[in-house]
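Text of data_16.cif (mmCIF, C-alpha atoms) as supplied:
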data_target
#
loop_
_atom_site.label_atom_id
_atom_site.label_comp_id
_atom_site.auth_asym_id
_atom_site.auth_seq_id
_atom_site.Cartn_x
_atom_site.Cartn_y
_atom_site.Cartn_z
CA GLY R 1 57.52 102.98 -25.05
CA ALA R 2 58.38 102.55 -21.41
CA GLY R 3 54.84 102.57 -20.12
CA VAL R 4 51.18 102.36 -21.07
CA SER R 5 50.23 105.27 -23.26
CA GLN R 6 46.69 106.60 -23.61
CA SER R 7 45.28 109.19 -25.96
CA PRO R 8 43.73 111.63 -25.93
CA ARG R 9 44.48 112.68 -22.34
CA TYR R 10 41.44 114.95 -22.39
CA LYS R 11 38.33 114.77 -24.50
CA VAL R 12 35.27 117.00 -24.45
CA ALA R 13 32.26 115.69 -26.32
CA LYS R 14 28.76 116.96 -26.86
CA ARG R 15 26.01 114.65 -25.74
CA GLY R 16 25.21 112.23 -28.52
CA GLN R 17 28.66 112.26 -30.10
CA ASP R 18 30.76 109.13 -30.56
CA VAL R 19 34.23 109.01 -29.01
CA ALA R 20 37.21 106.69 -29.38
CA LEU R 21 39.90 106.31 -26.76
CA ARG R 22 43.19 104.64 -27.58
CA CYS R 23 45.51 102.54 -25.45
CA ASP R 24 49.06 101.51 -26.34
CA PRO R 25 50.08 98.83 -23.85
CA ILE R 26 53.61 97.94 -22.89
CA SER R 27 55.18 96.00 -25.75
CA GLY R 28 54.73 92.27 -25.36
CA HIS R 29 52.07 92.47 -22.67
CA VAL R 30 49.48 89.79 -23.20
CA SER R 31 46.70 91.14 -21.02
CA LEU R 32 44.92 94.46 -21.41
CA PHE R 33 42.23 95.95 -19.18
CA TRP R 34 39.93 98.95 -19.37
CA TYR R 35 38.62 100.64 -16.24
CA GLN R 36 36.27 103.56 -15.69
CA GLN R 37 36.85 105.95 -12.78
CA ALA R 38 34.20 108.44 -11.77
CA LEU R 39 35.21 111.49 -9.76
CA GLY R 40 36.06 110.54 -6.17
CA GLN R 41 35.59 106.82 -6.76
CA GLY R 42 37.90 103.87 -7.26
CA PRO R 43 38.40 102.46 -10.76
CA GLU R 44 35.72 100.05 -11.96
CA PHE R 45 36.45 97.19 -14.33
CA LEU R 46 35.02 97.42 -17.83
CA THR R 47 36.61 94.75 -20.00
CA TYR R 48 39.63 92.46 -20.42
CA PHE R 49 41.60 91.16 -23.41
CA GLN R 50 44.10 88.36 -23.62
CA ASN R 51 45.96 89.05 -26.84
CA GLU R 52 43.19 89.84 -29.38
CA ALA R 53 40.48 87.89 -27.59
CA GLN R 54 38.02 89.79 -25.43
CA LEU R 55 37.56 87.32 -22.62
CA ASP R 56 35.48 89.40 -20.24
CA LYS R 57 33.22 92.35 -21.03
CA SER R 58 30.98 92.02 -18.03
CA GLY R 59 31.76 95.53 -16.79
CA LEU R 60 30.69 97.43 -19.90
CA PRO R 61 27.74 99.55 -18.68
CA SER R 62 25.69 99.44 -21.86
CA ASP R 63 25.75 98.37 -25.49
CA ARG R 64 26.97 101.88 -26.33
CA PHE R 65 30.38 100.80 -25.08
CA PHE R 66 32.57 98.72 -27.35
CA ALA R 67 36.23 97.72 -27.11
CA GLU R 68 38.56 96.03 -29.55
CA ARG R 69 42.15 94.89 -29.79
CA PRO R 70 42.34 93.46 -33.31
CA GLU R 71 46.06 92.66 -33.49
CA GLY R 72 46.66 91.92 -29.84
CA SER R 73 48.47 95.16 -29.10
CA VAL R 74 46.75 98.57 -29.40
CA SER R 75 43.22 98.73 -28.05
CA THR R 76 40.39 101.17 -28.66
CA LEU R 77 37.45 101.85 -26.38
CA LYS R 78 34.55 103.34 -28.29
CA ILE R 79 31.55 105.00 -26.73
CA GLN R 80 28.60 105.69 -28.99
CA ARG R 81 25.99 108.39 -28.44
CA THR R 82 27.74 109.69 -25.32
CA GLN R 83 25.69 110.67 -22.28
CA GLN R 84 26.60 112.94 -19.38
CA GLU R 85 26.92 109.94 -17.08
CA ASP R 86 29.77 108.69 -19.29
CA SER R 87 31.94 111.55 -18.00
CA ALA R 88 34.85 109.87 -16.22
CA VAL R 89 38.50 108.98 -16.50
CA TYR R 90 39.03 105.87 -18.61
CA LEU R 91 42.09 103.91 -17.54
CA CYS R 92 43.92 101.28 -19.53
CA ALA R 93 46.23 98.74 -17.92
CA SER R 94 48.37 95.93 -19.27
CA SER R 95 50.21 93.00 -17.75
CA GLU R 96 52.79 90.61 -19.04
CA LEU R 97 50.87 87.51 -18.04
CA ALA R 98 47.24 86.60 -17.52
CA ILE R 99 47.91 86.95 -13.82
CA GLY R 100 50.41 89.59 -12.86
CA GLU R 101 51.11 93.13 -11.85
CA LEU R 102 49.01 95.62 -13.78
CA PHE R 103 50.67 98.70 -15.27
CA PHE R 104 48.25 101.58 -15.73
CA GLY R 105 48.31 104.49 -18.12
CA GLU R 106 47.51 108.01 -16.98
CA GLY R 107 44.00 107.78 -18.31
CA SER R 108 41.77 109.65 -20.73
CA ARG R 109 39.47 112.15 -19.08
CA LEU R 110 36.14 112.33 -20.92
CA THR R 111 33.76 115.19 -20.28
CA VAL R 112 30.34 115.02 -21.91
CA LEU R 113 28.49 118.32 -22.08
CA ASP Q 1 36.79 88.28 -4.74
CA ALA Q 2 36.68 89.09 -1.02
CA LYS Q 3 35.63 92.55 0.07
CA THR Q 4 38.10 94.83 1.84
CA THR Q 5 37.56 97.57 4.40
CA GLN Q 6 39.91 100.53 4.75
CA PRO Q 7 39.73 103.79 6.68
CA PRO Q 8 38.76 106.63 4.32
CA SER Q 9 41.65 108.88 5.32
CA MET Q 10 44.86 109.05 7.34
CA ASP Q 11 47.57 111.62 8.02
CA CYS Q 12 51.25 110.95 8.56
CA ALA Q 13 54.17 113.22 9.38
CA GLU Q 14 56.93 113.40 6.80
CA GLY Q 15 59.79 111.06 7.66
CA ARG Q 16 57.68 108.89 9.91
CA ALA Q 17 56.32 105.44 9.09
CA ALA Q 18 52.86 105.30 7.55
CA ASN Q 19 50.85 102.23 8.56
CA LEU Q 20 47.78 101.65 6.44
CA PRO Q 21 45.38 98.96 7.70
CA CYS Q 22 43.07 96.75 5.67
CA ASN Q 23 40.46 94.24 6.79
CA HIS Q 24 39.61 91.30 4.54
CA SER Q 25 37.86 88.91 6.92
CA THR Q 26 36.26 86.82 4.16
CA ILE Q 27 39.49 86.14 2.28
CA SER Q 28 39.87 82.59 1.01
CA GLY Q 29 42.98 80.46 0.93
CA ASN Q 30 43.91 81.14 -2.68
CA GLU Q 31 43.35 84.89 -2.64
CA TYR Q 32 46.26 87.29 -2.61
CA VAL Q 33 46.38 90.72 -0.99
CA TYR Q 34 47.47 93.47 -3.40
CA TRP Q 35 48.20 97.12 -2.71
CA TYR Q 36 48.05 99.85 -5.33
CA ARG Q 37 48.20 103.59 -4.92
CA GLN Q 38 46.94 106.45 -7.05
CA ILE Q 39 48.56 109.83 -6.97
CA HIS Q 40 46.29 112.66 -8.05
CA SER Q 41 45.64 112.72 -11.83
CA GLN Q 42 47.70 109.59 -12.43
CA GLY Q 43 46.84 105.96 -13.01
CA PRO Q 44 47.10 103.46 -10.15
CA GLN Q 45 50.58 102.14 -9.39
CA TYR Q 46 51.37 98.68 -8.11
CA ILE Q 47 53.08 98.61 -4.71
CA ILE Q 48 53.26 95.07 -3.37
CA HIS Q 49 51.33 91.84 -2.98
CA GLY Q 50 51.42 88.75 -0.78
CA LEU Q 51 49.64 85.52 0.14
CA LYS Q 52 50.64 84.46 3.65
CA ASN Q 53 54.13 85.64 4.45
CA ASN Q 54 55.20 89.18 5.06
CA GLU Q 55 56.69 90.83 2.02
CA THR Q 56 59.09 93.72 1.53
CA ASN Q 57 60.29 95.57 -1.54
CA GLU Q 58 61.90 98.90 -2.27
CA MET Q 59 58.63 100.75 -1.81
CA ALA Q 60 56.96 99.19 1.20
CA SER Q 61 56.39 96.26 3.53
CA LEU Q 62 53.24 94.16 3.72
CA ILE Q 63 52.34 92.51 7.01
CA ILE Q 64 49.60 89.87 6.84
CA THR Q 65 48.14 88.49 10.05
CA GLU Q 66 48.39 84.77 10.69
CA ASP Q 67 44.65 84.25 10.11
CA ARG Q 68 44.94 86.38 6.92
CA LYS Q 69 41.89 88.41 7.89
CA SER Q 70 43.77 91.69 7.90
CA SER Q 71 46.96 93.28 6.66
CA THR Q 72 49.00 96.45 7.03
CA LEU Q 73 50.94 98.31 4.41
CA ILE Q 74 53.96 100.08 5.85
CA LEU Q 75 55.75 102.97 4.17
CA PRO Q 76 58.84 103.16 6.39
CA HIS Q 77 59.79 106.81 5.82
CA ALA Q 78 56.90 108.67 4.27
CA THR Q 79 57.62 111.62 1.99
CA LEU Q 80 55.32 114.29 0.59
CA ARG Q 81 55.27 112.37 -2.70
CA ASP Q 82 53.62 109.45 -0.93
CA THR Q 83 50.41 111.48 -0.60
CA ALA Q 84 47.92 109.38 -2.57
CA VAL Q 85 44.89 107.11 -2.36
CA TYR Q 86 45.97 103.63 -1.31
CA TYR Q 87 43.88 100.66 -2.39
CA CYS Q 88 43.92 97.28 -0.70
CA ILE Q 89 42.62 94.59 -3.06
CA VAL Q 90 42.03 90.89 -2.59
CA ARG Q 91 42.47 89.02 -5.81
CA LEU Q 92 41.81 85.41 -6.68
CA PHE Q 93 44.96 83.93 -8.13
CA SER Q 94 43.61 81.60 -10.77
CA GLY Q 95 43.22 81.46 -14.50
CA SER Q 96 39.60 82.53 -14.35
CA ALA Q 97 39.86 85.79 -12.44
CA ARG Q 98 41.78 88.57 -14.04
CA GLN Q 99 40.53 91.91 -12.99
CA LEU Q 100 41.30 93.90 -9.86
CA THR Q 101 38.28 95.09 -7.88
CA PHE Q 102 39.05 98.48 -6.36
CA GLY Q 103 37.21 99.82 -3.33
CA SER Q 104 37.26 103.42 -2.13
CA GLY Q 105 40.77 103.21 -0.67
CA THR Q 106 42.49 105.30 1.99
CA GLN Q 107 43.52 108.87 1.26
CA LEU Q 108 46.96 109.20 2.86
CA THR Q 109 48.15 112.75 3.38
CA VAL Q 110 51.79 113.19 4.34
CA LEU Q 111 52.23 116.41 6.26
CA PRO Q 112 55.44 118.50 6.28
#
Serialized structure, structure tokens:
Amino acid sequence: GAGVSQSPRYKVAKRGQDVALRCDPISGHVSLFWYQQALGQGPEFLTYFQNEAQLDKSGLPSDRFFAERPEGSVSTLKIQRTQQEDSAVYLCASSELAIGELFFGEGSRLTVL
Amino acid sequence: DAKTTQPPSMDCAEGRAANLPCNHSTISGNEYVYWYRQIHSQGPQYIIHGLKNNETNEMASLIITEDRKSSTLILPHATLRDTAVYYCIVRLFSGSARQLTFGSGTQLTVLP
């Protein structure tokens, strides 16, 4: 595709449910990032992949958050036992190089009831 | 990465130039200044970046002061579609730093 694609665009989960958010980066992009954006705030870094290797997960808020990119393309962000404070927009971005312009998807809006 | 300071909001008349300031007084020599914007309900969009020299592309111009402690993003002829939150980010350009650190940004409202 032409850009970064994220699905689902909207997800409503009951507290305690597990959710999985998918990111399809731009084809050939080496680097992939996940960000979390709370309402009215700027995006906050969660984790970074270079190809299939997760090189930085320092921003993951708890061990309930897990991300993978097994074949170096599509990535999944999984949140286990969701809590209300997990409600946010989750943004995925990719870049062609380790250092370069980031291209963002439109995000997945998660609402935990 | 160095911290940036931006005004929380600005207005601009349609067709006029929008000048968005950013202070980054603790920037180091190998840190770049990046600008992204985020239109409501969309992901952030790259605008421009620079190190020392002024830069211009089809979207905007970036003016960096000689001491590199501040910069200004210029949208030469603002349109209603330029209404967005604009983020000024200082980013270390090395193999060890990869993420962008967003602040609160400036909400630019272009008025008809």
### Query
Residues around (46.6, 111.7, 0.7), cut-off 8 Å, counting only C-alpha atoms - what are they as a list in words?
Ser9, Met10, Asp11, Asp82, Thr83, Ala84, Val85, Thr106, Gln107, Leu108, Thr109 and Val110 of chain Q
### Selection result of the PyMOL selection byres ((chain R and resi 38-48) around 6) on this file, as a ChimeraX atom specification
/R:32-37,49,54-57,59-60,88 /Q:102-104
### Task
Could you state which residues are captured by the PyMOL selection byres ((chain Q) within 7 of (chain R)) in this file, as a list in words?
Gln42, Gly43, Pro44, Gln45, Tyr46, Arg98, Gln99, Thr101, Phe102, Gly103 and Ser104 of chain Q
### Task
Just give me the gap between CA of Ser61 (chain Q) and CA of Tyr32 (chain Q) in Å, one decimal is fine.
14.9 Å
### Task
May I ask for the distance between CA of His49 (chain Q) and CA of Ser27 (chain R), given in Å to one decimal place?
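Value for the CA of His49 (chain Q)-CA of Ser27 (chain R) distance: 23.5 Å.
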### Message
One decimal, in Å: what's the spacing between CA of Arg15 (chain R) and CA of Ser58 (chain R)?
### Response
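Going from CA of Arg15 (chain R) over to CA of Ser58 (chain R) covers 24.4 Å.
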### Surrounding residues of Asn51 (chain R) excluding itself and chain neighbours under 3 positions, 9 Å, all atoms listed in the file, as number ranges by chain
R: 29-32, 54, 69-73
### Task
Name every residue that the PyMOL selection byres ((chain R and resi 26) around 7) selects in this structure, writing the answer as a PyMOL selection string with chains first and numbers rising.
chain R and resi 1-4+24-25+27-29+94
Need the shell around Gly15 (chain Q): protein/DNA/RNA residues with any atom at most 8 Å away, counting only C-alpha atoms. Skip same-chain ones fewer than 2 positions apart. Format as an mmCIF file with C-alpha atoms, in the frame of the given file?
data_model
loop_
_atom_site.group_PDB
_atom_site.id
_atom_site.type_symbol
_atom_site.label_atom_id
_atom_site.label_comp_id
_atom_site.auth_asym_id
_atom_site.auth_seq_id
_atom_site.Cartn_x
_atom_site.Cartn_y
_atom_site.Cartn_z
ATOM 1 C CA ALA Q 13 54.170 113.220 9.380
ATOM 2 C CA ALA Q 17 56.320 105.440 9.090
ATOM 3 C CA HIS Q 77 59.790 106.810 5.820
ATOM 4 C CA ALA Q 78 56.900 108.670 4.270
ATOM 5 C CA THR Q 79 57.620 111.620 1.990
#
### Message
Just want the 10 Å neighbourhood of Arg81 (chain R), counted on all atoms listed in the file, with same-chain residues fewer than 3 positions away dropped. Output as a count of residues only.
### Response
11
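The residue that comes closest to Glu66 (chain Q), out of Q:Gln38, Q:Leu100, Q:Ile47, Q:Ser25 and on the basis of all atoms listed in the file, is Q:Ser25.
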#### Entry: Nearby residues (only C-alpha atoms) at most 7 Å from Ala60 (chain Q), same-chain spacing under 2 positions excluded, as a ChimeraX atom specification
/Q:56-58,62,73-76
### Task
Find the residues near His24 (chain Q): any atom within 10 Å, counting all atoms listed in the file, skip ones fewer than 3 places away on the same chain, and give them as a list in words.
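Listed by chain and then number, they are Ala2, Lys3, Thr4, Thr5, Gln6, Ile27, Ser28, Val33, Arg68, Lys69, Ser70, Ser71, Cys88, Ile89 and Val90 of chain Q.
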Only N, CA and C atoms needed: put region 19-54 of chain Q from the block into a file as an mmCIF file, in the first residue's frame.
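Produced file out.cif, reproduced below:
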data_model
loop_
_atom_site.group_PDB
_atom_site.id
_atom_site.type_symbol
_atom_site.label_atom_id
_atom_site.label_comp_id
_atom_site.auth_asym_id
_atom_site.auth_seq_id
_atom_site.Cartn_x
_atom_site.Cartn_y
_atom_site.Cartn_z
ATOM 1 N N ASN Q 19 3.899 31.834 11.391
ATOM 2 C CA ASN Q 19 5.259 31.701 11.932
ATOM 3 C C ASN Q 19 5.171 31.037 13.299
ATOM 4 N N LEU Q 20 5.634 29.813 13.387
ATOM 5 C CA LEU Q 20 5.530 29.051 14.623
ATOM 6 C C LEU Q 20 6.904 28.963 15.277
ATOM 7 N N PRO Q 21 7.043 29.533 16.487
ATOM 8 C CA PRO Q 21 8.348 29.534 17.148
ATOM 9 C C PRO Q 21 8.577 28.289 17.992
ATOM 10 N N CYS Q 22 9.859 28.001 18.220
ATOM 11 C CA CYS Q 22 10.241 26.889 19.075
ATOM 12 C C CYS Q 22 11.571 27.220 19.748
ATOM 13 N N ASN Q 23 11.612 27.049 21.055
ATOM 14 C CA ASN Q 23 12.861 27.226 21.789
ATOM 15 C C ASN Q 23 13.456 25.876 22.130
ATOM 16 N N HIS Q 24 14.744 25.732 21.889
ATOM 17 C CA HIS Q 24 15.467 24.492 22.229
ATOM 18 C C HIS Q 24 16.862 24.898 22.705
ATOM 19 N N SER Q 25 16.898 25.587 23.839
ATOM 20 C CA SER Q 25 18.139 26.215 24.301
ATOM 21 C C SER Q 25 19.207 25.215 24.711
ATOM 22 N N THR Q 26 18.833 23.962 24.967
ATOM 23 C CA THR Q 26 19.829 22.977 25.409
ATOM 24 C C THR Q 26 20.240 22.040 24.281
ATOM 25 N N ILE Q 27 19.952 22.424 23.064
ATOM 26 C CA ILE Q 27 20.273 21.567 21.911
ATOM 27 C C ILE Q 27 21.790 21.370 21.814
ATOM 28 N N SER Q 28 22.204 20.175 21.450
ATOM 29 C CA SER Q 28 23.622 19.909 21.275
ATOM 30 C C SER Q 28 23.964 19.881 19.786
ATOM 31 N N GLY Q 29 25.272 19.837 19.531
ATOM 32 C CA GLY Q 29 25.743 20.032 18.165
ATOM 33 C C GLY Q 29 25.286 18.997 17.157
ATOM 34 N N ASN Q 30 24.978 17.792 17.608
ATOM 35 C CA ASN Q 30 24.578 16.746 16.674
ATOM 36 C C ASN Q 30 23.088 16.446 16.734
ATOM 37 N N GLU Q 31 22.321 17.364 17.242
ATOM 38 C CA GLU Q 31 20.866 17.206 17.298
ATOM 39 C C GLU Q 31 20.196 18.032 16.211
ATOM 40 N N TYR Q 32 19.266 17.392 15.532
ATOM 41 C CA TYR Q 32 18.515 18.024 14.466
ATOM 42 C C TYR Q 32 17.210 18.587 15.032
ATOM 43 N N VAL Q 33 16.662 19.576 14.340
ATOM 44 C CA VAL Q 33 15.337 20.090 14.648
ATOM 45 C C VAL Q 33 14.359 19.533 13.616
ATOM 46 N N TYR Q 34 13.342 18.850 14.090
ATOM 47 C CA TYR Q 34 12.298 18.281 13.236
ATOM 48 C C TYR Q 34 10.970 18.976 13.541
ATOM 49 N N TRP Q 35 10.147 19.093 12.510
ATOM 50 C CA TRP Q 35 8.776 19.562 12.675
ATOM 51 C C TRP Q 35 7.819 18.523 12.087
ATOM 52 N N TYR Q 36 6.821 18.189 12.884
ATOM 53 C CA TYR Q 36 5.712 17.351 12.444
ATOM 54 C C TYR Q 36 4.417 18.097 12.757
ATOM 55 N N ARG Q 37 3.364 17.735 12.064
ATOM 56 C CA ARG Q 37 2.061 18.278 12.415
ATOM 57 C C ARG Q 37 1.039 17.142 12.465
ATOM 58 N N GLN Q 38 -0.028 17.381 13.214
ATOM 59 C CA GLN Q 38 -1.063 16.375 13.368
ATOM 60 C C GLN Q 38 -2.416 17.042 13.193
ATOM 61 N N ILE Q 39 -3.030 16.715 12.089
ATOM 62 C CA ILE Q 39 -4.395 17.173 11.830
ATOM 63 C C ILE Q 39 -5.338 16.272 12.625
ATOM 64 N N HIS Q 40 -6.429 16.842 13.070
ATOM 65 C CA HIS Q 40 -7.353 16.139 13.941
ATOM 66 C C HIS Q 40 -7.707 14.747 13.395
ATOM 67 N N SER Q 41 -7.577 13.741 14.273
ATOM 68 C CA SER Q 41 -7.932 12.348 13.975
ATOM 69 C C SER Q 41 -7.022 11.688 12.937
ATOM 70 N N GLN Q 42 -5.871 12.288 12.692
ATOM 71 C CA GLN Q 42 -4.905 11.663 11.799
ATOM 72 C C GLN Q 42 -3.591 11.433 12.542
ATOM 73 N N GLY Q 43 -2.716 10.640 11.944
ATOM 74 C CA GLY Q 43 -1.391 10.465 12.508
ATOM 75 C C GLY Q 43 -0.513 11.660 12.189
ATOM 76 N N PRO Q 44 0.558 11.858 12.953
ATOM 77 C CA PRO Q 44 1.476 12.965 12.665
ATOM 78 C C PRO Q 44 2.071 12.852 11.258
ATOM 79 N N GLN Q 45 2.367 14.011 10.688
ATOM 80 C CA GLN Q 45 2.911 14.096 9.333
ATOM 81 C C GLN Q 45 4.207 14.880 9.376
ATOM 82 N N TYR Q 46 5.238 14.332 8.793
ATOM 83 C CA TYR Q 46 6.523 15.006 8.709
ATOM 84 C C TYR Q 46 6.404 16.283 7.871
ATOM 85 N N ILE Q 47 7.056 17.362 8.342
ATOM 86 C CA ILE Q 47 7.068 18.590 7.563
ATOM 87 C C ILE Q 47 8.464 18.883 7.037
ATOM 88 N N ILE Q 48 9.428 18.990 7.943
ATOM 89 C CA ILE Q 48 10.749 19.453 7.549
ATOM 90 C C ILE Q 48 11.723 19.191 8.685
ATOM 91 N N HIS Q 49 13.008 19.152 8.403
ATOM 92 C CA HIS Q 49 13.997 19.088 9.463
ATOM 93 C C HIS Q 49 15.271 19.797 9.017
ATOM 94 N N GLY Q 50 16.107 20.156 10.007
ATOM 95 C CA GLY Q 50 17.355 20.838 9.686
ATOM 96 C C GLY Q 50 18.339 20.762 10.836
ATOM 97 N N LEU Q 51 19.604 21.042 10.520
ATOM 98 C CA LEU Q 51 20.666 21.013 11.533
ATOM 99 C C LEU Q 51 21.149 22.425 11.862
ATOM 100 N N LYS Q 52 21.669 23.112 10.878
ATOM 101 C CA LYS Q 52 22.196 24.465 11.091
ATOM 102 C C LYS Q 52 21.608 25.458 10.095
ATOM 103 N N ASN Q 53 21.582 25.046 8.850
ATOM 104 C CA ASN Q 53 21.165 25.962 7.792
ATOM 105 C C ASN Q 53 19.655 26.022 7.695
ATOM 106 N N ASN Q 54 19.178 27.114 7.155
ATOM 107 C CA ASN Q 54 17.751 27.213 6.892
ATOM 108 C C ASN Q 54 17.371 26.224 5.802
#
